[in-house]
Structures are given as structure tokens and as C-alpha cells.
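Novice: Structure: entry.pdb, PDB, C-alpha atoms, pLDDT in the B column.
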```pdb
ATOM      1  CA  MET A   1      75.874 225.060 293.981  1.00 65.00           C
ATOM      2  CA  SER A   2      79.445 225.778 295.059  1.00 77.00           C
ATOM      3  CA  GLN A   3      81.271 228.973 294.162  1.00 78.00           C
ATOM      4  CA  SER A   4      83.802 227.048 292.076  1.00 81.00           C
ATOM      5  CA  ALA A   5      80.994 225.476 290.038  1.00 85.00           C
ATOM      6  CA  VAL A   6      79.444 228.892 289.456  1.00 87.00           C
ATOM      7  CA  THR A   7      82.801 230.305 288.351  1.00 88.00           C
ATOM      8  CA  ALA A   8      83.352 227.362 286.005  1.00 91.00           C
ATOM      9  CA  GLY A   9      79.916 227.880 284.494  1.00 93.00           C
ATOM     10  CA  VAL A  10      80.540 231.594 284.053  1.00 95.00           C
ATOM     11  CA  ALA A  11      83.888 230.885 282.399  1.00 95.00           C
ATOM     12  CA  ALA A  12      82.305 228.349 280.034  1.00 96.00           C
ATOM     13  CA  ALA A  13      79.589 230.836 279.102  1.00 96.00           C
ATOM     14  CA  ALA A  14      82.222 233.545 278.592  1.00 97.00           C
ATOM     15  CA  PHE A  15      84.112 231.208 276.259  1.00 97.00           C
ATOM     16  CA  VAL A  16      81.023 230.667 274.103  1.00 97.00           C
ATOM     17  CA  VAL A  17      80.295 234.389 274.048  1.00 97.00           C
ATOM     18  CA  GLY A  18      83.923 235.013 273.137  1.00 97.00           C
ATOM     19  CA  LEU A  19      83.607 232.779 270.087  1.00 96.00           C
ATOM     20  CA  GLY A  20      80.653 234.830 268.893  1.00 97.00           C
ATOM     21  CA  VAL A  21      82.316 238.155 269.644  1.00 97.00           C
ATOM     22  CA  GLY A  22      85.496 236.978 267.930  1.00 96.00           C
ATOM     23  CA  ALA A  23      83.548 236.052 264.811  1.00 95.00           C
ATOM     24  CA  GLY A  24      82.037 239.525 264.834  1.00 96.00           C
ATOM     25  CA  LEU A  25      85.477 241.095 265.257  1.00 95.00           C
ATOM     26  CA  ASP A  26      86.684 239.114 262.254  1.00 92.00           C
ATOM     27  CA  VAL A  27      83.960 240.704 260.156  1.00 92.00           C
ATOM     28  CA  ALA A  28      84.784 244.145 261.602  1.00 93.00           C
ATOM     29  CA  VAL A  29      88.486 243.772 260.773  1.00 90.00           C
ATOM     30  CA  ARG A  30      87.718 242.662 257.211  1.00 87.00           C
ATOM     31  CA  ARG A  31      85.272 245.512 256.642  1.00 88.00           C
ATOM     32  CA  PHE A  32      87.278 248.238 258.344  1.00 87.00           C
ATOM     33  CA  PRO A  33      88.026 251.013 255.804  1.00 81.00           C
ATOM     34  CA  ALA A  34      91.536 250.714 254.387  1.00 68.00           C
ATOM     35  CA  SER A  35      93.751 252.548 251.937  1.00 60.00           C
ATOM     36  CA  ASP A  36      95.196 250.823 248.868  1.00 53.00           C
ATOM     37  CA  GLU A  37      98.472 250.350 250.749  1.00 51.00           C
ATOM     38  CA  ASP A  38      96.670 248.720 253.662  1.00 50.00           C
ATOM     39  CA  GLU A  39      94.947 246.313 251.305  1.00 47.00           C
ATOM     40  CA  ILE A  40      98.290 245.158 249.916  1.00 43.00           C
ATOM     41  CA  ARG A  41      99.600 244.543 253.416  1.00 51.00           C
ATOM     42  CA  SER A  42      96.487 242.586 254.324  1.00 47.00           C
ATOM     43  CA  GLU A  43      96.659 240.374 251.271  1.00 45.00           C
ATOM     44  CA  THR A  44     100.274 239.444 251.911  1.00 44.00           C
ATOM     45  CA  SER A  45      99.812 238.795 255.625  1.00 53.00           C
ATOM     46  CA  TRP A  46      99.926 235.167 256.755  1.00 59.00           C
ATOM     47  CA  LEU A  47      97.500 236.111 259.498  1.00 58.00           C
ATOM     48  CA  LEU A  48      94.781 236.927 256.974  1.00 58.00           C
ATOM     49  CA  ARG A  49      94.606 233.256 256.036  1.00 66.00           C
ATOM     50  CA  GLN A  50      94.355 232.220 259.692  1.00 77.00           C
ATOM     51  CA  ARG A  51      92.243 235.049 261.043  1.00 78.00           C
ATOM     52  CA  ARG A  52      88.824 233.410 260.773  1.00 81.00           C
ATOM     53  CA  THR A  53      89.898 230.786 263.297  1.00 87.00           C
ATOM     54  CA  ALA A  54      92.634 232.630 265.196  1.00 89.00           C
ATOM     55  CA  LEU A  55      90.601 235.717 266.049  1.00 92.00           C
ATOM     56  CA  PRO A  56      87.553 233.927 267.526  1.00 94.00           C
ATOM     57  CA  GLY A  57      89.829 231.411 269.243  1.00 94.00           C
ATOM     58  CA  LEU A  58      91.997 234.029 270.920  1.00 95.00           C
ATOM     59  CA  THR A  59      88.984 236.108 271.910  1.00 97.00           C
ATOM     60  CA  ALA A  60      87.239 233.077 273.408  1.00 97.00           C
ATOM     61  CA  LEU A  61      90.387 232.113 275.332  1.00 97.00           C
ATOM     62  CA  ALA A  62      90.723 235.617 276.757  1.00 97.00           C
ATOM     63  CA  PHE A  63      87.031 235.671 277.735  1.00 98.00           C
ATOM     64  CA  LEU A  64      87.436 232.266 279.400  1.00 97.00           C
ATOM     65  CA  LEU A  65      90.386 233.465 281.473  1.00 97.00           C
ATOM     66  CA  ALA A  66      88.484 236.631 282.357  1.00 97.00           C
ATOM     67  CA  GLY A  67      85.531 234.522 283.514  1.00 96.00           C
ATOM     68  CA  LEU A  68      87.785 232.450 285.742  1.00 95.00           C
ATOM     69  CA  HIS A  69      89.435 235.566 287.142  1.00 95.00           C
ATOM     70  CA  PHE A  70      86.464 237.878 287.721  1.00 95.00           C
ATOM     71  CA  GLY A  71      83.601 235.425 288.110  1.00 92.00           C
ATOM     72  CA  LEU A  72      80.016 236.600 287.787  1.00 91.00           C
ATOM     73  CA  SER A  73      80.407 240.355 288.234  1.00 93.00           C
ATOM     74  CA  TRP A  74      80.187 243.634 286.374  1.00 93.00           C
ATOM     75  CA  ARG A  75      83.988 243.608 286.202  1.00 94.00           C
ATOM     76  CA  LEU A  76      83.775 240.577 283.918  1.00 96.00           C
ATOM     77  CA  LEU A  77      81.540 242.489 281.500  1.00 96.00           C
ATOM     78  CA  ALA A  78      83.889 245.479 281.506  1.00 96.00           C
ATOM     79  CA  ALA A  79      86.930 243.236 281.076  1.00 97.00           C
ATOM     80  CA  CYS A  80      85.393 241.425 278.101  1.00 97.00           C
ATOM     81  CA  VAL A  81      84.519 244.711 276.394  1.00 97.00           C
ATOM     82  CA  PHE A  82      88.057 246.046 276.770  1.00 97.00           C
ATOM     83  CA  VAL A  83      89.590 242.697 275.769  1.00 98.00           C
ATOM     84  CA  ALA A  84      87.506 242.736 272.579  1.00 98.00           C
ATOM     85  CA  VAL A  85      88.786 246.243 271.825  1.00 98.00           C
ATOM     86  CA  LEU A  86      92.391 245.129 272.391  1.00 98.00           C
ATOM     87  CA  VAL A  87      91.982 242.081 270.141  1.00 97.00           C
ATOM     88  CA  PHE A  88      90.501 244.257 267.393  1.00 96.00           C
ATOM     89  CA  ILE A  89      93.370 246.764 267.687  1.00 96.00           C
ATOM     90  CA  ALA A  90      95.960 243.979 267.613  1.00 95.00           C
ATOM     91  CA  PHE A  91      94.637 242.431 264.401  1.00 92.00           C
ATOM     92  CA  ILE A  92      94.138 245.768 262.677  1.00 92.00           C
ATOM     93  CA  ASP A  93      97.706 246.791 263.501  1.00 91.00           C
ATOM     94  CA  LEU A  94      99.075 243.436 262.369  1.00 87.00           C
ATOM     95  CA  GLU A  95      97.413 243.682 258.980  1.00 85.00           C
ATOM     96  CA  ARG A  96      97.309 247.424 258.335  1.00 85.00           C
ATOM     97  CA  LEU A  97     100.126 248.807 260.518  1.00 87.00           C
ATOM     98  CA  ILE A  98      97.658 251.304 262.004  1.00 90.00           C
ATOM     99  CA  ILE A  99      95.871 251.787 265.322  1.00 94.00           C
ATOM    100  CA  PRO A 100      92.623 253.574 264.455  1.00 93.00           C
ATOM    101  CA  ASN A 101      91.812 256.764 266.372  1.00 94.00           C
ATOM    102  CA  VAL A 102      88.113 256.009 266.067  1.00 95.00           C
ATOM    103  CA  VAL A 103      88.663 252.935 268.274  1.00 96.00           C
ATOM    104  CA  VAL A 104      91.549 253.697 270.618  1.00 97.00           C
ATOM    105  CA  LEU A 105      90.562 257.226 271.675  1.00 97.00           C
ATOM    106  CA  PRO A 106      87.004 256.392 272.859  1.00 97.00           C
ATOM    107  CA  ALA A 107      88.394 253.240 274.482  1.00 97.00           C
ATOM    108  CA  GLY A 108      90.922 255.296 276.431  1.00 97.00           C
ATOM    109  CA  VAL A 109      88.274 257.724 277.682  1.00 97.00           C
ATOM    110  CA  ALA A 110      85.908 254.891 278.581  1.00 97.00           C
ATOM    111  CA  ALA A 111      88.643 252.965 280.399  1.00 97.00           C
ATOM    112  CA  LEU A 112      89.560 256.041 282.443  1.00 97.00           C
ATOM    113  CA  ALA A 113      85.916 256.654 283.361  1.00 96.00           C
ATOM    114  CA  VAL A 114      85.338 253.017 284.370  1.00 96.00           C
ATOM    115  CA  SER A 115      88.573 252.810 286.369  1.00 96.00           C
ATOM    116  CA  ILE A 116      87.909 256.046 288.257  1.00 96.00           C
ATOM    117  CA  GLY A 117      84.259 255.161 288.805  1.00 94.00           C
ATOM    118  CA  SER A 118      85.165 251.764 290.277  1.00 93.00           C
ATOM    119  CA  ASP A 119      87.936 253.112 292.535  1.00 91.00           C
ATOM    120  CA  THR A 120      87.092 256.708 293.363  1.00 91.00           C
ATOM    121  CA  GLU A 121      89.594 256.989 296.218  1.00 92.00           C
ATOM    122  CA  ARG A 122      92.483 256.205 293.875  1.00 92.00           C
ATOM    123  CA  TRP A 123      91.235 258.160 290.867  1.00 94.00           C
ATOM    124  CA  TRP A 124      94.553 259.966 290.571  1.00 95.00           C
ATOM    125  CA  VAL A 125      96.450 256.666 290.109  1.00 96.00           C
ATOM    126  CA  TYR A 126      94.647 255.928 286.846  1.00 97.00           C
ATOM    127  CA  LEU A 127      94.938 259.503 285.640  1.00 97.00           C
ATOM    128  CA  VAL A 128      98.688 259.570 286.319  1.00 97.00           C
ATOM    129  CA  ALA A 129      99.138 256.096 284.793  1.00 97.00           C
ATOM    130  CA  ALA A 130      97.264 257.095 281.635  1.00 97.00           C
ATOM    131  CA  CYS A 131      99.043 260.412 281.127  1.00 97.00           C
ATOM    132  CA  GLY A 132     102.404 259.015 282.180  1.00 97.00           C
ATOM    133  CA  SER A 133     102.123 256.039 279.824  1.00 97.00           C
ATOM    134  CA  GLY A 134     101.136 258.258 276.925  1.00 96.00           C
ATOM    135  CA  ALA A 135     103.981 260.690 277.672  1.00 96.00           C
ATOM    136  CA  PHE A 136     106.507 257.842 277.894  1.00 96.00           C
ATOM    137  CA  PHE A 137     105.528 256.447 274.507  1.00 95.00           C
ATOM    138  CA  PHE A 138     105.378 259.930 273.013  1.00 96.00           C
ATOM    139  CA  LEU A 139     109.010 260.366 274.066  1.00 94.00           C
ATOM    140  CA  LEU A 140     109.855 256.988 272.521  1.00 92.00           C
ATOM    141  CA  ALA A 141     108.128 258.049 269.295  1.00 90.00           C
ATOM    142  CA  LEU A 142     110.264 261.207 269.176  1.00 90.00           C
ATOM    143  CA  LEU A 143     113.491 259.332 269.880  1.00 88.00           C
ATOM    144  CA  TRP A 144     112.634 256.309 267.710  1.00 80.00           C
ATOM    145  CA  PRO A 145     110.313 257.548 264.962  1.00 74.00           C
ATOM    146  CA  GLY A 146     110.649 254.382 262.891  1.00 71.00           C
ATOM    147  CA  GLY A 147     109.820 252.097 265.783  1.00 74.00           C
ATOM    148  CA  MET A 148     106.915 253.809 267.532  1.00 84.00           C
ATOM    149  CA  GLY A 149     103.979 255.701 266.109  1.00 87.00           C
ATOM    150  CA  MET A 150     101.310 257.976 267.506  1.00 92.00           C
ATOM    151  CA  GLY A 151      98.917 255.045 267.527  1.00 93.00           C
ATOM    152  CA  ASP A 152     101.168 253.337 270.075  1.00 95.00           C
ATOM    153  CA  VAL A 153     101.099 256.524 272.166  1.00 96.00           C
ATOM    154  CA  LYS A 154      97.286 256.511 272.272  1.00 97.00           C
ATOM    155  CA  LEU A 155      97.195 252.792 272.986  1.00 97.00           C
ATOM    156  CA  ALA A 156      99.607 253.342 275.900  1.00 97.00           C
ATOM    157  CA  PHE A 157      97.238 256.001 277.282  1.00 98.00           C
ATOM    158  CA  PHE A 158      94.375 253.504 277.012  1.00 98.00           C
ATOM    159  CA  MET A 159      96.419 250.862 278.830  1.00 98.00           C
ATOM    160  CA  GLY A 160      97.394 253.213 281.639  1.00 97.00           C
ATOM    161  CA  ALA A 161      93.774 254.268 282.098  1.00 97.00           C
ATOM    162  CA  LEU A 162      92.668 250.642 282.205  1.00 96.00           C
ATOM    163  CA  LEU A 163      95.408 249.132 284.371  1.00 97.00           C
ATOM    164  CA  GLY A 164      96.715 251.864 286.637  1.00 95.00           C
ATOM    165  CA  VAL A 165      99.910 250.768 288.379  1.00 96.00           C
ATOM    166  CA  GLU A 166      99.786 247.326 286.737  1.00 96.00           C
ATOM    167  CA  VAL A 167     100.527 248.984 283.390  1.00 97.00           C
ATOM    168  CA  VAL A 168     104.239 248.545 284.172  1.00 96.00           C
ATOM    169  CA  VAL A 169     103.695 244.774 284.029  1.00 97.00           C
ATOM    170  CA  ALA A 170     101.940 245.111 280.674  1.00 97.00           C
ATOM    171  CA  PHE A 171     104.772 247.203 279.230  1.00 97.00           C
ATOM    172  CA  PHE A 172     107.415 244.775 280.481  1.00 96.00           C
ATOM    173  CA  ILE A 173     105.634 241.844 278.839  1.00 97.00           C
ATOM    174  CA  ALA A 174     105.091 243.799 275.603  1.00 96.00           C
ATOM    175  CA  PHE A 175     108.741 244.806 275.275  1.00 95.00           C
ATOM    176  CA  LEU A 176     109.998 241.350 276.258  1.00 96.00           C
ATOM    177  CA  VAL A 177     107.771 239.416 273.854  1.00 95.00           C
ATOM    178  CA  GLY A 178     108.294 242.005 271.115  1.00 91.00           C
ATOM    179  CA  ALA A 179     112.076 241.761 271.431  1.00 91.00           C
ATOM    180  CA  VAL A 180     112.055 237.958 271.373  1.00 92.00           C
ATOM    181  CA  ILE A 181     109.750 237.689 268.355  1.00 89.00           C
ATOM    182  CA  GLY A 182     111.489 240.521 266.514  1.00 83.00           C
ATOM    183  CA  LEU A 183     114.884 238.851 267.011  1.00 86.00           C
ATOM    184  CA  ALA A 184     113.464 235.504 265.916  1.00 84.00           C
ATOM    185  CA  LEU A 185     112.061 237.033 262.717  1.00 78.00           C
ATOM    186  CA  ILE A 186     115.396 238.679 261.943  1.00 77.00           C
ATOM    187  CA  LEU A 187     117.359 235.472 262.562  1.00 81.00           C
ATOM    188  CA  ALA A 188     114.889 233.568 260.384  1.00 74.00           C
ATOM    189  CA  LYS A 189     115.372 236.263 257.717  1.00 67.00           C
ATOM    190  CA  ARG A 190     111.643 236.944 257.677  1.00 66.00           C
ATOM    191  CA  LYS A 191     112.342 240.564 258.612  1.00 64.00           C
ATOM    192  CA  GLY A 192     115.287 242.935 258.347  1.00 58.00           C
ATOM    193  CA  ARG A 193     116.570 245.250 261.047  1.00 60.00           C
ATOM    194  CA  LYS A 194     114.777 248.176 259.419  1.00 61.00           C
ATOM    195  CA  SER A 195     111.562 246.304 258.641  1.00 64.00           C
ATOM    196  CA  ALA A 196     108.334 247.632 260.138  1.00 70.00           C
ATOM    197  CA  ILE A 197     107.038 245.345 262.882  1.00 79.00           C
ATOM    198  CA  PRO A 198     103.767 246.500 264.466  1.00 88.00           C
ATOM    199  CA  PHE A 199     104.081 246.931 268.231  1.00 92.00           C
ATOM    200  CA  GLY A 200     100.357 247.216 268.897  1.00 93.00           C
ATOM    201  CA  PRO A 201      99.785 243.441 269.148  1.00 94.00           C
ATOM    202  CA  PHE A 202     102.499 243.131 271.794  1.00 96.00           C
ATOM    203  CA  LEU A 203     100.997 246.011 273.763  1.00 97.00           C
ATOM    204  CA  ALA A 204      97.564 244.395 273.489  1.00 97.00           C
ATOM    205  CA  LEU A 205      98.960 241.079 274.741  1.00 97.00           C
ATOM    206  CA  GLY A 206     100.626 242.830 277.664  1.00 97.00           C
ATOM    207  CA  ALA A 207      97.408 244.704 278.437  1.00 98.00           C
ATOM    208  CA  VAL A 208      95.317 241.517 278.579  1.00 97.00           C
ATOM    209  CA  ILE A 209      97.850 239.779 280.831  1.00 97.00           C
ATOM    210  CA  GLY A 210      98.113 242.901 282.979  1.00 97.00           C
ATOM    211  CA  LEU A 211      94.335 243.125 283.274  1.00 97.00           C
ATOM    212  CA  LEU A 212      94.009 239.530 284.431  1.00 96.00           C
ATOM    213  CA  TYR A 213      97.225 238.879 286.334  1.00 96.00           C
ATOM    214  CA  GLY A 214      99.009 242.225 286.654  1.00 94.00           C
ATOM    215  CA  ALA A 215      98.379 242.700 290.365  1.00 93.00           C
ATOM    216  CA  TRP A 216      99.550 239.156 291.172  1.00 94.00           C
ATOM    217  CA  LEU A 217     102.655 239.422 288.993  1.00 94.00           C
ATOM    218  CA  LEU A 218     103.589 242.801 290.426  1.00 93.00           C
ATOM    219  CA  GLU A 219     103.108 241.585 293.985  1.00 92.00           C
ATOM    220  CA  ALA A 220     105.175 238.460 293.267  1.00 91.00           C
ATOM    221  CA  TYR A 221     107.987 240.553 291.800  1.00 89.00           C
ATOM    222  CA  LEU A 222     108.017 243.018 294.691  1.00 88.00           C
ATOM    223  CA  GLY A 223     108.067 240.066 297.070  1.00 87.00           C
ATOM    224  CA  LEU A 224     111.393 238.989 295.575  1.00 86.00           C
ATOM    225  CA  LEU A 225     113.059 242.315 296.352  1.00 78.00           C
TER     226      LEU A 225
END
```
Do you think you could lay out the structure here as C-alpha cells?
Specialist:
Amino acid sequence: MSQSAVTAGVAAAAFVVGLGVGAGLDVAVRRFPASDEDEIRSETSWLLRQRRTALPGLTALAFLLAGLHFGLSWRLLAACVFVAVLVFIAFIDLERLIIPNVVVLPAGVAALAVSIGSDTERWWVYLVAACGSGAFFFLLALLWPGGMGMGDVKLAFFMGALLGVEVVVAFFIAFLVGAVIGLALILAKRKGRKSAIPFGPFLALGAVIGLLYGAWLLEAYLGLL
């Protein structure tokens, strides 16, 4: 059997697993403890009505792309675990406007351990990326308290630990997509300039793209300079 056939089979299997994991994440999001205020936000969110299909679908798509990118390897397993965490964080933040410490902090520590363990010679890159990303978003939270929260700071640490240098690609995508969607919502009068728009989903999107294609995108950009 050719390598391409094996990769295709792995990707197909990852897609099926992603559907199951996504269904489980849907249950986890619905059952995650929430305050009365969070419940009101969830009930009025358009995403709540679409979540039972959107969450498994997006998770399966991400798993499929990870299968195509990593093939049959331990990196695929690690990538799928971290992708599932990012999807969960994105949907929780969308509906509750929170990024739970109980999820993001262990994920950050685990990502740092996995990254350093898989690339021991460059351990300092992931440590600097994690601390630097967290410090950058902490500064943003101080300068823009209504736009960034401490949950975003911890998520940035997680992303730096997971991606290393490629975290710059993830941040660029997050800010670009966030700005475009935020402007579109304002122009459509769905949101005001002072309305709270969760940034976690954009960071999660950037993190997934950075995990799968960050090195290629960064190399392509540097090649243009």
C-alpha cells in the first residue's frame, strides 16, 4: 500500500474519530458549570442552535486536516488532543464569554511538556514563546481592559507553548480574522463598538492553522522578504 493511501486512510479515520469527539465536546459544553449570567448568554446565542452540528463538524474537519498533515504518528494523536481542547475553549468563550482555568492552564502545561519533550534541543524556544505570548497579551489586557481578559492571556501562553515560533502566524490570523468579523458585525449593526466580542475563538482558529500550516506560512512569508 502506498504512503498516500495510508495517509488518506488515516485522515478518513481521524475524521470519523473527530465526529465522535465533537459530539462529546458538545455534551461537555452544554454541561459545563455556568453562572446565571452565562446561561442567559447561552440561550440568546445563535451558535447554541447550531452547535450540535457545528461542533462535531468543525472538530472532524480539523482532525481530517491533522491526519493529512501528520499522517500515522504520535504527533497526530497529540495534535488531535490539543485541537479538541481549542475547539472546546472556542465554543465556551463564544457562549459564556469565559476561558475556563480548569481547561486552559493544564493544557498550557501539557503543551509545554510535549513540545519540549519532542524537541529537547530547542526547549528554550517553546519556553520563550509561551512566556512571551502570555506577557504580550497581559500587556494588552492592561492597556485594553475591555477588549482582552486574563483568559486570553492564559490561552496565549498555551498557544506559545504549543507552537513555538509559529505562534506569530497564529496571532496574525487571529487579529486579522477578528478585525474583519468585528467590523462586519458593527456594519451590520449586530454589535456596537463597545459590545463584548469574545477573542478566544479567533485565537483558537489561529492556533489550529498555526499548528497545521504555521511553519509553511512563516517560511513562505520570509521567502518574500
Novice: Return the single residue from A:Leu76, A:Ala84, A:Val125, A:Ala196 that is closest to Gly146 in chain A, with distances computed using only C-alpha atoms.
Specialist: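 Between A:Leu76, A:Ala84, A:Val125, A:Ala196, the residue approaching Gly146 in chain A most closely is A:Ala196.
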Novice: Which residue gives the smallest distance to Val83 in chain A among A:Ala204, A:Met148, A:Leu19, A:Leu143, with only C-alpha atoms counted?
Specialist: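 Looking at the shortest contact to Val83 in chain A, the residue is A:Ala204.
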Novice: Could you spell out the hits of the PyMOL selection byres ((chain A and resi 169) around 9) on the shown file, as a PyMOL selection string?
Specialist: chain A and resi 165-168+170-174+206-207+209-210+214-215+217-218
Novice: Of the candidates A:Leu94, A:Val102, A:Ile89, A:Ala28, which shows the shortest atom-to-atom distance to Ile197 in chain A, using all atoms listed in the file?
Specialist: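 Closest to Ile197 in chain A, using all atoms listed in the file: A:Leu94.
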Novice: Provide the CA of Gln50 in chain A to CA of Pro201 in chain A distance in Å, to one decimal place.
Specialist: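 One can read the CA of Gln50 in chain A to CA of Pro201 in chain A distance as 15.6 Å.
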Novice: For the file shown, what are the residues hit by the PyMOL selection byres ((chain A and resi 91) around 12), laid out as a PDB file with C-alpha atoms, in the coordinates of the input?
Specialist:
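Output contents, as saved in selection00.pdb:
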```
ATOM      1  CA  GLY A  22      85.496 236.978 267.930  1.00 96.00           C
ATOM      2  CA  LEU A  25      85.477 241.095 265.257  1.00 95.00           C
ATOM      3  CA  ASP A  26      86.684 239.114 262.254  1.00 92.00           C
ATOM      4  CA  VAL A  27      83.960 240.704 260.156  1.00 92.00           C
ATOM      5  CA  ALA A  28      84.784 244.145 261.602  1.00 93.00           C
ATOM      6  CA  VAL A  29      88.486 243.772 260.773  1.00 90.00           C
ATOM      7  CA  ARG A  30      87.718 242.662 257.211  1.00 87.00           C
ATOM      8  CA  PHE A  32      87.278 248.238 258.344  1.00 87.00           C
ATOM      9  CA  SER A  42      96.487 242.586 254.324  1.00 47.00           C
ATOM     10  CA  SER A  45      99.812 238.795 255.625  1.00 53.00           C
ATOM     11  CA  TRP A  46      99.926 235.167 256.755  1.00 59.00           C
ATOM     12  CA  LEU A  47      97.500 236.111 259.498  1.00 58.00           C
ATOM     13  CA  LEU A  48      94.781 236.927 256.974  1.00 58.00           C
ATOM     14  CA  GLN A  50      94.355 232.220 259.692  1.00 77.00           C
ATOM     15  CA  ARG A  51      92.243 235.049 261.043  1.00 78.00           C
ATOM     16  CA  ARG A  52      88.824 233.410 260.773  1.00 81.00           C
ATOM     17  CA  ALA A  54      92.634 232.630 265.196  1.00 89.00           C
ATOM     18  CA  LEU A  55      90.601 235.717 266.049  1.00 92.00           C
ATOM     19  CA  PRO A  56      87.553 233.927 267.526  1.00 94.00           C
ATOM     20  CA  LEU A  58      91.997 234.029 270.920  1.00 95.00           C
ATOM     21  CA  THR A  59      88.984 236.108 271.910  1.00 97.00           C
ATOM     22  CA  ALA A  84      87.506 242.736 272.579  1.00 98.00           C
ATOM     23  CA  VAL A  85      88.786 246.243 271.825  1.00 98.00           C
ATOM     24  CA  LEU A  86      92.391 245.129 272.391  1.00 98.00           C
ATOM     25  CA  VAL A  87      91.982 242.081 270.141  1.00 97.00           C
ATOM     26  CA  PHE A  88      90.501 244.257 267.393  1.00 96.00           C
ATOM     27  CA  ILE A  89      93.370 246.764 267.687  1.00 96.00           C
ATOM     28  CA  ALA A  90      95.960 243.979 267.613  1.00 95.00           C
ATOM     29  CA  ILE A  92      94.138 245.768 262.677  1.00 92.00           C
ATOM     30  CA  ASP A  93      97.706 246.791 263.501  1.00 91.00           C
ATOM     31  CA  LEU A  94      99.075 243.436 262.369  1.00 87.00           C
ATOM     32  CA  GLU A  95      97.413 243.682 258.980  1.00 85.00           C
ATOM     33  CA  ARG A  96      97.309 247.424 258.335  1.00 85.00           C
ATOM     34  CA  LEU A  97     100.126 248.807 260.518  1.00 87.00           C
ATOM     35  CA  ILE A  98      97.658 251.304 262.004  1.00 90.00           C
ATOM     36  CA  ILE A  99      95.871 251.787 265.322  1.00 94.00           C
ATOM     37  CA  PRO A 100      92.623 253.574 264.455  1.00 93.00           C
ATOM     38  CA  PRO A 198     103.767 246.500 264.466  1.00 88.00           C
ATOM     39  CA  PHE A 199     104.081 246.931 268.231  1.00 92.00           C
ATOM     40  CA  GLY A 200     100.357 247.216 268.897  1.00 93.00           C
ATOM     41  CA  PRO A 201      99.785 243.441 269.148  1.00 94.00           C
ATOM     42  CA  PHE A 202     102.499 243.131 271.794  1.00 96.00           C
ATOM     43  CA  LEU A 203     100.997 246.011 273.763  1.00 97.00           C
ATOM     44  CA  ALA A 204      97.564 244.395 273.489  1.00 97.00           C
ATOM     45  CA  LEU A 205      98.960 241.079 274.741  1.00 97.00           C
TER      46      LEU A 205
END
```
Novice: Enclose the full set of atoms of range 161-168 of chain A listed in the file within a box whose edges lie along x, y and z, apply 6 Å of padding to each of the six sides, and report centre and edge lengths in Å to one decimal as AutoDock Vina command-line options.
Specialist:
```
--center_x 98.5 --center_y 250.8 --center_z 285.2 --size_x 23.6 --size_y 18.9 --size_z 18.3
```
Novice: With distances taken over all atoms listed in the file, which of A:Gly9, A:Gly182, A:Gly223, A:Pro145 is nearest to Leu72 in chain A?
Specialist: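 Smallest distance to Leu72 in chain A is found for A:Gly9.
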Novice: Provide the CA of Val17 in chain A to CA of Leu68 in chain A distance in Å, to one decimal place.
Specialist: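 According to the coordinates, CA of Val17 in chain A and CA of Leu68 in chain A are separated by 14.0 Å.
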